[in-house]
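To be precise, the following lines are work37.cif, and they hold mmCIF, N, CA, C and O atoms.
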```
data_target
loop_
_atom_site.label_atom_id
_atom_site.label_comp_id
_atom_site.auth_asym_id
_atom_site.auth_seq_id
_atom_site.Cartn_x
_atom_site.Cartn_y
_atom_site.Cartn_z
N MET H 1027 85.35 110.23 105.13
CA MET H 1027 86.58 110.43 105.88
C MET H 1027 87.52 109.24 105.69
O MET H 1027 88.71 109.42 105.48
N LEU H 1028 86.98 108.00 105.77
CA LEU H 1028 87.83 106.82 105.64
C LEU H 1028 88.41 106.71 104.23
O LEU H 1028 89.57 106.33 104.06
N THR H 1029 87.62 107.04 103.23
CA THR H 1029 88.11 106.99 101.85
C THR H 1029 89.22 108.01 101.66
O THR H 1029 90.27 107.70 101.09
N ARG H 1030 89.02 109.22 102.14
CA ARG H 1030 90.05 110.26 102.01
C ARG H 1030 91.33 109.86 102.73
O ARG H 1030 92.43 110.06 102.22
N MET H 1031 91.19 109.26 103.90
CA MET H 1031 92.36 108.83 104.66
C MET H 1031 93.14 107.77 103.89
O MET H 1031 94.36 107.86 103.76
N LEU H 1032 92.46 106.76 103.38
CA LEU H 1032 93.13 105.70 102.63
C LEU H 1032 93.80 106.28 101.38
O LEU H 1032 94.96 105.98 101.09
N ASN H 1033 93.09 107.13 100.66
CA ASN H 1033 93.66 107.73 99.46
C ASN H 1033 94.90 108.56 99.77
O ASN H 1033 95.89 108.52 99.03
N THR H 1034 94.87 109.30 100.85
CA THR H 1034 96.01 110.14 101.23
C THR H 1034 97.20 109.31 101.68
O THR H 1034 98.33 109.52 101.22
N LEU H 1035 96.97 108.36 102.56
CA LEU H 1035 98.07 107.56 103.10
C LEU H 1035 98.73 106.66 102.06
O LEU H 1035 99.93 106.39 102.14
N PHE H 1036 97.94 106.20 101.09
CA PHE H 1036 98.46 105.21 100.14
C PHE H 1036 98.48 105.70 98.70
O PHE H 1036 98.60 104.91 97.78
N ASP H 1037 98.39 107.02 98.52
CA ASP H 1037 98.48 107.65 97.21
C ASP H 1037 97.57 106.95 96.20
O ASP H 1037 98.00 106.49 95.15
N ALA H 1038 96.30 106.84 96.58
CA ALA H 1038 95.30 106.17 95.74
C ALA H 1038 94.23 107.18 95.34
O ALA H 1038 94.22 108.31 95.83
N GLU H 1039 93.32 106.75 94.48
CA GLU H 1039 92.25 107.64 94.01
C GLU H 1039 90.92 106.90 93.95
O GLU H 1039 90.22 106.95 92.93
N PHE H 1040 90.54 106.23 95.02
CA PHE H 1040 89.26 105.52 95.06
C PHE H 1040 88.14 106.49 95.41
O PHE H 1040 88.34 107.43 96.17
N SER H 1041 86.95 106.25 94.87
CA SER H 1041 85.81 107.13 95.18
C SER H 1041 85.07 106.67 96.43
O SER H 1041 84.47 107.47 97.12
N ASP H 1042 85.09 105.37 96.71
CA ASP H 1042 84.41 104.84 97.90
C ASP H 1042 85.11 103.55 98.29
O ASP H 1042 84.97 102.54 97.62
N THR H 1043 85.87 103.59 99.37
CA THR H 1043 86.68 102.43 99.76
C THR H 1043 85.95 101.44 100.65
O THR H 1043 86.49 100.38 100.94
N HIS H 1044 84.75 101.76 101.09
CA HIS H 1044 84.11 100.89 102.07
C HIS H 1044 82.75 100.38 101.64
O HIS H 1044 81.95 99.95 102.47
N SER H 1045 82.50 100.42 100.37
CA SER H 1045 81.31 99.75 99.86
C SER H 1045 81.60 99.31 98.44
O SER H 1045 82.53 99.80 97.79
N GLY H 1046 80.84 98.38 97.97
CA GLY H 1046 81.01 97.95 96.60
C GLY H 1046 81.39 96.48 96.50
O GLY H 1046 81.69 95.82 97.49
N PHE H 1047 81.37 96.00 95.31
CA PHE H 1047 81.69 94.62 94.98
C PHE H 1047 82.99 94.65 94.21
O PHE H 1047 83.14 95.42 93.26
N ARG H 1048 83.96 93.84 94.62
CA ARG H 1048 85.27 93.86 93.97
C ARG H 1048 85.61 92.49 93.41
O ARG H 1048 85.35 91.48 94.04
N VAL H 1049 86.22 92.50 92.24
CA VAL H 1049 86.64 91.28 91.58
C VAL H 1049 88.11 91.43 91.22
O VAL H 1049 88.52 92.48 90.72
N PHE H 1050 88.89 90.41 91.53
CA PHE H 1050 90.32 90.43 91.23
C PHE H 1050 90.71 89.19 90.47
O PHE H 1050 90.12 88.13 90.66
N THR H 1051 91.72 89.30 89.64
CA THR H 1051 92.27 88.12 88.99
C THR H 1051 93.07 87.33 90.02
O THR H 1051 93.45 87.87 91.07
N ARG H 1052 93.33 86.10 89.75
CA ARG H 1052 94.15 85.26 90.63
C ARG H 1052 95.53 85.87 90.81
O ARG H 1052 96.09 85.89 91.89
N GLU H 1053 96.09 86.41 89.73
CA GLU H 1053 97.42 87.02 89.80
C GLU H 1053 97.41 88.24 90.73
O GLU H 1053 98.34 88.43 91.51
N ALA H 1054 96.36 89.05 90.63
CA ALA H 1054 96.26 90.22 91.50
C ALA H 1054 96.10 89.80 92.95
O ALA H 1054 96.74 90.36 93.84
N LEU H 1055 95.28 88.80 93.19
CA LEU H 1055 95.08 88.31 94.55
C LEU H 1055 96.38 87.78 95.14
O LEU H 1055 96.73 88.07 96.28
N ASP H 1056 97.13 87.04 94.34
CA ASP H 1056 98.43 86.53 94.80
C ASP H 1056 99.40 87.67 95.10
O ASP H 1056 100.14 87.61 96.08
N ALA H 1057 99.39 88.71 94.27
CA ALA H 1057 100.28 89.85 94.48
C ALA H 1057 99.93 90.60 95.76
O ALA H 1057 100.82 91.05 96.49
N MET H 1058 98.63 90.71 96.07
CA MET H 1058 98.19 91.42 97.27
C MET H 1058 98.38 90.59 98.53
O MET H 1058 98.59 91.13 99.61
N ASP H 1059 98.26 89.28 98.42
CA ASP H 1059 98.45 88.35 99.53
C ASP H 1059 97.68 88.77 100.79
O ASP H 1059 98.27 89.05 101.83
N PRO H 1060 96.34 88.83 100.72
CA PRO H 1060 95.55 89.28 101.88
C PRO H 1060 95.70 88.34 103.08
O PRO H 1060 95.82 87.13 102.93
N GLN H 1061 95.68 88.93 104.27
CA GLN H 1061 95.85 88.18 105.52
C GLN H 1061 94.66 88.30 106.46
O GLN H 1061 94.46 87.45 107.31
N THR H 1062 93.89 89.37 106.36
CA THR H 1062 92.80 89.61 107.30
C THR H 1062 91.55 88.82 106.91
O THR H 1062 91.39 88.43 105.75
N THR H 1063 90.69 88.61 107.88
CA THR H 1063 89.45 87.88 107.61
C THR H 1063 88.22 88.66 108.08
O THR H 1063 87.11 88.22 107.87
N GLY H 1064 88.41 89.79 108.72
CA GLY H 1064 87.28 90.54 109.26
C GLY H 1064 87.05 91.84 108.53
O GLY H 1064 87.25 91.95 107.32
N MET H 1065 86.62 92.84 109.29
CA MET H 1065 86.29 94.15 108.74
C MET H 1065 87.44 94.80 107.98
O MET H 1065 87.22 95.59 107.08
N GLU H 1066 88.66 94.45 108.35
CA GLU H 1066 89.83 95.07 107.74
C GLU H 1066 90.09 94.58 106.31
O GLU H 1066 90.94 95.11 105.62
N PHE H 1067 89.35 93.55 105.89
CA PHE H 1067 89.58 92.99 104.56
C PHE H 1067 89.37 94.03 103.45
O PHE H 1067 90.14 94.08 102.49
N ALA H 1068 88.35 94.87 103.56
CA ALA H 1068 88.06 95.87 102.52
C ALA H 1068 89.25 96.82 102.32
O ALA H 1068 89.74 96.97 101.20
N PRO H 1069 89.73 97.49 103.39
CA PRO H 1069 90.88 98.37 103.15
C PRO H 1069 92.15 97.60 102.79
O PRO H 1069 92.97 98.09 102.02
N GLU H 1070 92.31 96.38 103.30
CA GLU H 1070 93.51 95.61 102.96
C GLU H 1070 93.60 95.36 101.46
O GLU H 1070 94.67 95.48 100.85
N MET H 1071 92.48 95.00 100.84
CA MET H 1071 92.48 94.71 99.41
C MET H 1071 92.80 95.97 98.60
O MET H 1071 93.56 95.91 97.63
N LEU H 1072 92.26 97.10 98.99
CA LEU H 1072 92.51 98.33 98.24
C LEU H 1072 93.92 98.87 98.48
O LEU H 1072 94.56 99.37 97.56
N ILE H 1073 94.41 98.73 99.70
CA ILE H 1073 95.79 99.13 99.99
C ILE H 1073 96.74 98.24 99.18
O ILE H 1073 97.71 98.72 98.59
N GLY H 1074 96.45 96.95 99.15
CA GLY H 1074 97.28 96.03 98.38
C GLY H 1074 97.27 96.39 96.90
O GLY H 1074 98.31 96.37 96.23
N ALA H 1075 96.10 96.72 96.37
CA ALA H 1075 95.99 97.10 94.96
C ALA H 1075 96.78 98.37 94.69
O ALA H 1075 97.47 98.47 93.67
N ALA H 1076 96.70 99.34 95.60
CA ALA H 1076 97.45 100.59 95.43
C ALA H 1076 98.96 100.33 95.49
O ALA H 1076 99.71 100.85 94.67
N ARG H 1077 99.39 99.53 96.45
CA ARG H 1077 100.82 99.23 96.59
C ARG H 1077 101.37 98.48 95.39
O ARG H 1077 102.51 98.68 94.99
N GLU H 1078 100.57 97.60 94.83
CA GLU H 1078 101.02 96.80 93.68
C GLU H 1078 100.76 97.52 92.36
O GLU H 1078 101.05 96.98 91.30
N ASP H 1079 100.22 98.75 92.44
CA ASP H 1079 99.90 99.55 91.26
C ASP H 1079 99.01 98.78 90.28
O ASP H 1079 99.24 98.78 89.07
N LEU H 1080 98.01 98.12 90.85
CA LEU H 1080 97.07 97.33 90.04
C LEU H 1080 95.99 98.24 89.46
O LEU H 1080 95.61 99.24 90.07
N SER H 1081 95.50 97.88 88.31
CA SER H 1081 94.41 98.62 87.68
C SER H 1081 93.11 98.29 88.40
O SER H 1081 92.77 97.13 88.59
N VAL H 1082 92.40 99.33 88.83
CA VAL H 1082 91.14 99.16 89.54
C VAL H 1082 90.09 100.00 88.83
O VAL H 1082 90.29 101.19 88.60
N GLU H 1083 88.99 99.38 88.50
CA GLU H 1083 87.89 100.10 87.85
C GLU H 1083 86.69 100.12 88.80
O GLU H 1083 86.29 99.07 89.30
N GLU H 1084 86.17 101.29 89.05
CA GLU H 1084 84.99 101.42 89.91
C GLU H 1084 83.76 101.60 89.03
O GLU H 1084 83.77 102.39 88.09
N VAL H 1085 82.72 100.87 89.34
CA VAL H 1085 81.48 100.93 88.58
C VAL H 1085 80.41 101.58 89.46
O VAL H 1085 80.13 101.08 90.55
N PRO H 1086 79.83 102.70 89.04
CA PRO H 1086 78.82 103.37 89.86
C PRO H 1086 77.59 102.47 90.05
O PRO H 1086 77.22 101.71 89.17
N ILE H 1087 76.98 102.59 91.21
CA ILE H 1087 75.77 101.84 91.51
C ILE H 1087 74.71 102.80 92.03
O ILE H 1087 75.01 103.93 92.39
N THR H 1088 73.50 102.33 92.11
CA THR H 1088 72.41 103.09 92.70
C THR H 1088 72.14 102.52 94.08
O THR H 1088 71.94 101.31 94.23
N TYR H 1089 72.20 103.36 95.09
CA TYR H 1089 71.91 102.92 96.45
C TYR H 1089 70.41 102.89 96.68
O TYR H 1089 69.69 103.75 96.20
N HIS H 1090 69.96 101.91 97.40
CA HIS H 1090 68.54 101.78 97.75
C HIS H 1090 68.42 101.77 99.27
O HIS H 1090 69.36 101.41 99.97
N PRO H 1091 67.28 102.16 99.80
CA PRO H 1091 67.10 102.14 101.26
C PRO H 1091 67.35 100.72 101.81
O PRO H 1091 66.99 99.72 101.19
N ARG H 1092 67.98 100.68 102.97
CA ARG H 1092 68.28 99.41 103.62
C ARG H 1092 66.99 98.76 104.10
O ARG H 1092 66.12 99.41 104.65
N VAL H 1093 66.91 97.46 103.90
CA VAL H 1093 65.81 96.67 104.43
C VAL H 1093 66.37 95.88 105.60
O VAL H 1093 67.33 95.14 105.45
N GLY H 1094 65.82 96.07 106.76
CA GLY H 1094 66.32 95.37 107.95
C GLY H 1094 67.32 96.23 108.71
O GLY H 1094 67.58 97.38 108.38
N ASP H 1095 67.87 95.64 109.75
CA ASP H 1095 68.82 96.35 110.62
C ASP H 1095 70.23 96.30 110.06
O ASP H 1095 70.65 95.30 109.48
N ALA H 1096 70.97 97.38 110.28
CA ALA H 1096 72.38 97.43 109.89
C ALA H 1096 73.18 96.51 110.81
O ALA H 1096 72.88 96.39 112.00
N LYS H 1097 74.19 95.87 110.25
CA LYS H 1097 75.03 94.98 111.04
C LYS H 1097 76.30 95.68 111.52
O LYS H 1097 77.02 95.16 112.35
N LEU H 1098 76.57 96.86 110.97
CA LEU H 1098 77.78 97.58 111.34
C LEU H 1098 77.52 98.48 112.55
O LEU H 1098 76.42 98.97 112.74
N GLU H 1099 78.57 98.70 113.30
CA GLU H 1099 78.55 99.68 114.38
C GLU H 1099 79.52 100.77 113.97
O GLU H 1099 80.74 100.56 113.97
N SER H 1100 78.98 101.91 113.60
CA SER H 1100 79.76 102.96 112.94
C SER H 1100 81.08 103.27 113.62
O SER H 1100 82.13 103.24 112.98
N PHE H 1101 81.07 103.62 114.90
CA PHE H 1101 82.31 104.03 115.56
C PHE H 1101 83.27 102.87 115.69
O PHE H 1101 84.44 102.97 115.31
N ARG H 1102 82.82 101.76 116.22
CA ARG H 1102 83.71 100.61 116.45
C ARG H 1102 84.32 100.11 115.14
O ARG H 1102 85.53 99.90 115.04
N ASP H 1103 83.50 99.93 114.13
CA ASP H 1103 83.99 99.40 112.87
C ASP H 1103 84.86 100.42 112.14
O ASP H 1103 85.86 100.06 111.53
N GLY H 1104 84.49 101.70 112.21
CA GLY H 1104 85.32 102.75 111.62
C GLY H 1104 86.68 102.81 112.28
O GLY H 1104 87.71 102.96 111.61
N TRP H 1105 86.71 102.68 113.61
CA TRP H 1105 87.97 102.71 114.34
C TRP H 1105 88.86 101.52 113.94
O TRP H 1105 90.07 101.65 113.81
N ARG H 1106 88.27 100.36 113.70
CA ARG H 1106 89.04 99.20 113.25
C ARG H 1106 89.70 99.49 111.91
O ARG H 1106 90.86 99.14 111.69
N HIS H 1107 88.98 100.15 111.01
CA HIS H 1107 89.55 100.49 109.71
C HIS H 1107 90.68 101.50 109.87
O HIS H 1107 91.73 101.37 109.23
N ILE H 1108 90.48 102.50 110.70
CA ILE H 1108 91.51 103.53 110.93
C ILE H 1108 92.77 102.89 111.51
O ILE H 1108 93.88 103.15 111.04
N ARG H 1109 92.62 102.05 112.52
CA ARG H 1109 93.79 101.38 113.12
C ARG H 1109 94.53 100.55 112.08
O ARG H 1109 95.75 100.54 112.03
N TYR H 1110 93.78 99.85 111.27
CA TYR H 1110 94.42 99.01 110.24
C TYR H 1110 95.20 99.88 109.25
O TYR H 1110 96.35 99.59 108.93
N MET H 1111 94.59 100.96 108.77
CA MET H 1111 95.26 101.82 107.80
C MET H 1111 96.51 102.44 108.38
O MET H 1111 97.55 102.49 107.73
N ILE H 1112 96.44 102.93 109.61
CA ILE H 1112 97.61 103.53 110.24
C ILE H 1112 98.71 102.49 110.41
O ILE H 1112 99.89 102.76 110.17
N GLY H 1113 98.34 101.28 110.83
CA GLY H 1113 99.32 100.22 110.99
C GLY H 1113 100.00 99.87 109.68
O GLY H 1113 101.22 99.70 109.62
N GLU H 1114 99.23 99.79 108.60
CA GLU H 1114 99.80 99.48 107.29
C GLU H 1114 100.67 100.62 106.79
O GLU H 1114 101.73 100.40 106.22
N TRP H 1115 100.23 101.84 107.00
CA TRP H 1115 101.00 103.00 106.57
C TRP H 1115 102.29 103.08 107.37
O TRP H 1115 103.36 103.33 106.82
N GLY H 1116 102.19 102.82 108.65
CA GLY H 1116 103.36 102.87 109.53
C GLY H 1116 104.38 101.79 109.23
O GLY H 1116 105.55 101.91 109.58
N SER H 1117 103.96 100.70 108.57
CA SER H 1117 104.89 99.64 108.23
C SER H 1117 105.79 100.04 107.07
O SER H 1117 106.78 99.38 106.78
N ASN H 1118 105.48 101.15 106.44
CA ASN H 1118 106.26 101.68 105.34
C ASN H 1118 107.42 102.49 105.93
O ASN H 1118 107.21 103.41 106.72
N VAL H 1119 108.64 102.18 105.56
CA VAL H 1119 109.82 102.85 106.11
C VAL H 1119 109.76 104.36 105.88
O VAL H 1119 110.07 105.14 106.77
N ALA H 1120 109.31 104.78 104.72
CA ALA H 1120 109.21 106.21 104.43
C ALA H 1120 108.23 106.88 105.38
O ALA H 1120 108.47 108.00 105.84
N ALA H 1121 107.13 106.21 105.70
CA ALA H 1121 106.14 106.78 106.62
C ALA H 1121 106.74 106.97 107.99
O ALA H 1121 106.51 107.98 108.66
N VAL H 1122 107.51 106.00 108.44
CA VAL H 1122 108.15 106.10 109.76
C VAL H 1122 109.11 107.29 109.78
O VAL H 1122 109.18 108.03 110.75
N ARG H 1123 109.83 107.50 108.69
CA ARG H 1123 110.75 108.63 108.61
C ARG H 1123 109.99 109.96 108.65
O ARG H 1123 110.44 110.92 109.29
N VAL H 1124 108.85 110.03 107.98
CA VAL H 1124 108.04 111.24 108.00
C VAL H 1124 107.58 111.53 109.42
O VAL H 1124 107.70 112.64 109.92
N LEU H 1125 107.04 110.50 110.09
CA LEU H 1125 106.60 110.69 111.48
C LEU H 1125 107.74 111.10 112.38
O LEU H 1125 107.59 111.97 113.23
N ALA H 1126 108.89 110.47 112.22
CA ALA H 1126 110.06 110.81 113.06
C ALA H 1126 110.46 112.26 112.83
O ALA H 1126 110.80 112.97 113.77
N GLY H 1127 110.37 112.73 111.58
CA GLY H 1127 110.73 114.11 111.26
C GLY H 1127 109.77 115.10 111.90
O GLY H 1127 110.17 116.21 112.25
N LEU H 1128 108.53 114.72 112.10
CA LEU H 1128 107.56 115.61 112.73
C LEU H 1128 107.88 115.87 114.18
O LEU H 1128 107.54 116.91 114.74
N PHE H 1129 108.53 114.92 114.82
CA PHE H 1129 108.79 115.03 116.26
C PHE H 1129 110.26 115.31 116.56
O PHE H 1129 110.66 115.27 117.70
N ALA H 1130 111.05 115.60 115.54
CA ALA H 1130 112.49 115.87 115.75
C ALA H 1130 112.71 117.30 116.16
O ALA H 1130 111.95 118.17 116.01
#
```
Can you turn what I pasted into structure tokens?
Amino acid sequence: MLTRMLNTLFDAEFSDTHSGFRVFTREALDAMDPQTTGMEFAPEMLIGAAREDLSVEEVPITYHPRVGDAKLESFRDGWRHIRYMIGEWGSNVAAVRVLAGLFA
């Protein structure tokens, strides 16, 4: 759901936005200018890459069963990602116009 939401709001085509290892060049990092330090960092980097039309290559991995306890809290952490994505999407003037048109 979170991947589909990010892809839809930011016209991207990522297969999995909330897992994986990402590497960026210094130039790409400077262009994205990340500001967050918590859970929102993952979507911020991908939204920045989509906005800057940066080339992103996804490499498939094999998932293995988790050893130990999960550190994430599904609802709370998912809600943080959703709030962040909506806030970033809403900062786009075109998005605000679309929303305004829905309620006119």
Report as a PDB file with N, CA, C and O atoms, keeping the file's coordinate frame the full result of the PyMOL selection byres ((chain H and resi 1079-1096) around 8) when it is applied to this structure.
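Once written, result.pdb looks like this:
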```
ATOM      1  N   GLU H1039      93.320 106.750  94.480  1.00  0.00           N
ATOM      2  CA  GLU H1039      92.250 107.640  94.010  1.00  0.00           C
ATOM      3  C   GLU H1039      90.920 106.900  93.950  1.00  0.00           C
ATOM      4  O   GLU H1039      90.220 106.950  92.930  1.00  0.00           O
ATOM      5  N   PHE H1040      90.540 106.230  95.020  1.00  0.00           N
ATOM      6  CA  PHE H1040      89.260 105.520  95.060  1.00  0.00           C
ATOM      7  C   PHE H1040      88.140 106.490  95.410  1.00  0.00           C
ATOM      8  O   PHE H1040      88.340 107.430  96.170  1.00  0.00           O
ATOM      9  N   SER H1041      86.950 106.250  94.870  1.00  0.00           N
ATOM     10  CA  SER H1041      85.810 107.130  95.180  1.00  0.00           C
ATOM     11  C   SER H1041      85.070 106.670  96.430  1.00  0.00           C
ATOM     12  O   SER H1041      84.470 107.470  97.120  1.00  0.00           O
ATOM     13  N   ASP H1042      85.090 105.370  96.710  1.00  0.00           N
ATOM     14  CA  ASP H1042      84.410 104.840  97.900  1.00  0.00           C
ATOM     15  C   ASP H1042      85.110 103.550  98.290  1.00  0.00           C
ATOM     16  O   ASP H1042      84.970 102.540  97.620  1.00  0.00           O
ATOM     17  N   SER H1045      82.500 100.420 100.370  1.00  0.00           N
ATOM     18  CA  SER H1045      81.310  99.750  99.860  1.00  0.00           C
ATOM     19  C   SER H1045      81.600  99.310  98.440  1.00  0.00           C
ATOM     20  O   SER H1045      82.530  99.800  97.790  1.00  0.00           O
ATOM     21  N   GLY H1046      80.840  98.380  97.970  1.00  0.00           N
ATOM     22  CA  GLY H1046      81.010  97.950  96.600  1.00  0.00           C
ATOM     23  C   GLY H1046      81.390  96.480  96.500  1.00  0.00           C
ATOM     24  O   GLY H1046      81.690  95.820  97.490  1.00  0.00           O
ATOM     25  N   PHE H1047      81.370  96.000  95.310  1.00  0.00           N
ATOM     26  CA  PHE H1047      81.690  94.620  94.980  1.00  0.00           C
ATOM     27  C   PHE H1047      82.990  94.650  94.210  1.00  0.00           C
ATOM     28  O   PHE H1047      83.140  95.420  93.260  1.00  0.00           O
ATOM     29  N   ARG H1048      83.960  93.840  94.620  1.00  0.00           N
ATOM     30  CA  ARG H1048      85.270  93.860  93.970  1.00  0.00           C
ATOM     31  C   ARG H1048      85.610  92.490  93.410  1.00  0.00           C
ATOM     32  O   ARG H1048      85.350  91.480  94.040  1.00  0.00           O
ATOM     33  N   VAL H1049      86.220  92.500  92.240  1.00  0.00           N
ATOM     34  CA  VAL H1049      86.640  91.280  91.580  1.00  0.00           C
ATOM     35  C   VAL H1049      88.110  91.430  91.220  1.00  0.00           C
ATOM     36  O   VAL H1049      88.520  92.480  90.720  1.00  0.00           O
ATOM     37  N   PHE H1050      88.890  90.410  91.530  1.00  0.00           N
ATOM     38  CA  PHE H1050      90.320  90.430  91.230  1.00  0.00           C
ATOM     39  C   PHE H1050      90.710  89.190  90.470  1.00  0.00           C
ATOM     40  O   PHE H1050      90.120  88.130  90.660  1.00  0.00           O
ATOM     41  N   THR H1051      91.720  89.300  89.640  1.00  0.00           N
ATOM     42  CA  THR H1051      92.270  88.120  88.990  1.00  0.00           C
ATOM     43  C   THR H1051      93.070  87.330  90.020  1.00  0.00           C
ATOM     44  O   THR H1051      93.450  87.870  91.070  1.00  0.00           O
ATOM     45  N   ALA H1054      96.360  89.050  90.630  1.00  0.00           N
ATOM     46  CA  ALA H1054      96.260  90.220  91.500  1.00  0.00           C
ATOM     47  C   ALA H1054      96.100  89.800  92.950  1.00  0.00           C
ATOM     48  O   ALA H1054      96.740  90.360  93.840  1.00  0.00           O
ATOM     49  N   LEU H1072      92.260  97.100  98.990  1.00  0.00           N
ATOM     50  CA  LEU H1072      92.510  98.330  98.240  1.00  0.00           C
ATOM     51  C   LEU H1072      93.920  98.870  98.480  1.00  0.00           C
ATOM     52  O   LEU H1072      94.560  99.370  97.560  1.00  0.00           O
ATOM     53  N   ILE H1073      94.410  98.730  99.700  1.00  0.00           N
ATOM     54  CA  ILE H1073      95.790  99.130  99.990  1.00  0.00           C
ATOM     55  C   ILE H1073      96.740  98.240  99.180  1.00  0.00           C
ATOM     56  O   ILE H1073      97.710  98.720  98.590  1.00  0.00           O
ATOM     57  N   GLY H1074      96.450  96.950  99.150  1.00  0.00           N
ATOM     58  CA  GLY H1074      97.280  96.030  98.380  1.00  0.00           C
ATOM     59  C   GLY H1074      97.270  96.390  96.900  1.00  0.00           C
ATOM     60  O   GLY H1074      98.310  96.370  96.230  1.00  0.00           O
ATOM     61  N   ALA H1075      96.100  96.720  96.370  1.00  0.00           N
ATOM     62  CA  ALA H1075      95.990  97.100  94.960  1.00  0.00           C
ATOM     63  C   ALA H1075      96.780  98.370  94.690  1.00  0.00           C
ATOM     64  O   ALA H1075      97.470  98.470  93.670  1.00  0.00           O
ATOM     65  N   ALA H1076      96.700  99.340  95.600  1.00  0.00           N
ATOM     66  CA  ALA H1076      97.450 100.590  95.430  1.00  0.00           C
ATOM     67  C   ALA H1076      98.960 100.330  95.490  1.00  0.00           C
ATOM     68  O   ALA H1076      99.710 100.850  94.670  1.00  0.00           O
ATOM     69  N   ARG H1077      99.390  99.530  96.450  1.00  0.00           N
ATOM     70  CA  ARG H1077     100.820  99.230  96.590  1.00  0.00           C
ATOM     71  C   ARG H1077     101.370  98.480  95.390  1.00  0.00           C
ATOM     72  O   ARG H1077     102.510  98.680  94.990  1.00  0.00           O
ATOM     73  N   GLU H1078     100.570  97.600  94.830  1.00  0.00           N
ATOM     74  CA  GLU H1078     101.020  96.800  93.680  1.00  0.00           C
ATOM     75  C   GLU H1078     100.760  97.520  92.360  1.00  0.00           C
ATOM     76  O   GLU H1078     101.050  96.980  91.300  1.00  0.00           O
ATOM     77  N   LYS H1097      74.190  95.870 110.250  1.00  0.00           N
ATOM     78  CA  LYS H1097      75.030  94.980 111.040  1.00  0.00           C
ATOM     79  C   LYS H1097      76.300  95.680 111.520  1.00  0.00           C
ATOM     80  O   LYS H1097      77.020  95.160 112.350  1.00  0.00           O
ATOM     81  N   LEU H1098      76.570  96.860 110.970  1.00  0.00           N
ATOM     82  CA  LEU H1098      77.780  97.580 111.340  1.00  0.00           C
ATOM     83  C   LEU H1098      77.520  98.480 112.550  1.00  0.00           C
ATOM     84  O   LEU H1098      76.420  98.970 112.740  1.00  0.00           O
ATOM     85  N   GLU H1099      78.570  98.700 113.300  1.00  0.00           N
ATOM     86  CA  GLU H1099      78.550  99.680 114.380  1.00  0.00           C
ATOM     87  C   GLU H1099      79.520 100.770 113.970  1.00  0.00           C
ATOM     88  O   GLU H1099      80.740 100.560 113.970  1.00  0.00           O
TER      89      GLU H1099
END
```
_Å distance separating atom O of Gly1104 in chain H from atom C of Ala1057 in chain H, one decimal place_ =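 Calculated distance between atom O of Gly1104 in chain H and atom C of Ala1057 in chain H is 23.5 Å.
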Leaving out Asp1059 in chain H and any residue of its chain fewer than 3 positions from it, which residues lie within 10 Å of it when counting only C-alpha atoms, given as a short mmCIF file (atom, residue, chain, number, x, y, z; two decimals) with N, CA, C and O atoms, keeping the file's coordinate frame?
```cif
data_model
loop_
_atom_site.label_atom_id
_atom_site.label_comp_id
_atom_site.auth_asym_id
_atom_site.auth_seq_id
_atom_site.Cartn_x
_atom_site.Cartn_y
_atom_site.Cartn_z
N GLU H 1053 96.09 86.41 89.73
CA GLU H 1053 97.42 87.02 89.80
C GLU H 1053 97.41 88.24 90.73
O GLU H 1053 98.34 88.43 91.51
N ALA H 1054 96.36 89.05 90.63
CA ALA H 1054 96.26 90.22 91.50
C ALA H 1054 96.10 89.80 92.95
O ALA H 1054 96.74 90.36 93.84
N LEU H 1055 95.28 88.80 93.19
CA LEU H 1055 95.08 88.31 94.55
C LEU H 1055 96.38 87.78 95.14
O LEU H 1055 96.73 88.07 96.28
N ASP H 1056 97.13 87.04 94.34
CA ASP H 1056 98.43 86.53 94.80
C ASP H 1056 99.40 87.67 95.10
O ASP H 1056 100.14 87.61 96.08
N THR H 1062 93.89 89.37 106.36
CA THR H 1062 92.80 89.61 107.30
C THR H 1062 91.55 88.82 106.91
O THR H 1062 91.39 88.43 105.75
N GLU H 1070 92.31 96.38 103.30
CA GLU H 1070 93.51 95.61 102.96
C GLU H 1070 93.60 95.36 101.46
O GLU H 1070 94.67 95.48 100.85
N MET H 1071 92.48 95.00 100.84
CA MET H 1071 92.48 94.71 99.41
C MET H 1071 92.80 95.97 98.60
O MET H 1071 93.56 95.91 97.63
N GLY H 1074 96.45 96.95 99.15
CA GLY H 1074 97.28 96.03 98.38
C GLY H 1074 97.27 96.39 96.90
O GLY H 1074 98.31 96.37 96.23
#
```
Measuring atom to atom with only C-alpha atoms, identify which of H:Leu1032, H:Ala1038, H:Met1058, H:Met1065 is nearest to Met1111 in chain H.
->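 Selected residue with least distance to Met1111 in chain H: H:Leu1032.
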Q: For CA of Asn1033 in chain H and atom N of His1107 in chain H, determine how far apart the two atoms are, in Å to one decimal place.
A: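 Computing the Euclidean distance for CA of Asn1033 in chain H and atom N of His1107 in chain H yields 14.6 Å.
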| Could you work out how far atom N of Arg1106 in chain H lies from atom N of Arg1052 in chain H, giving the answer in Å with one decimal? |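 Rounded to one decimal, the two atoms are 28.3 Å apart.
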Using only N, CA, C and O atoms, the best pick from H:Ser1100, H:His1044, H:Thr1063, H:Met1031 as closest to Ile1112 in chain H would be H:Met1031
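Proximity to Glu1114 in chain H was assessed for H:Ala1068, H:Leu1035, H:Leu1028, H:Phe1101 counting only C-alpha atoms; the smallest distance is recorded for H:Leu1035.
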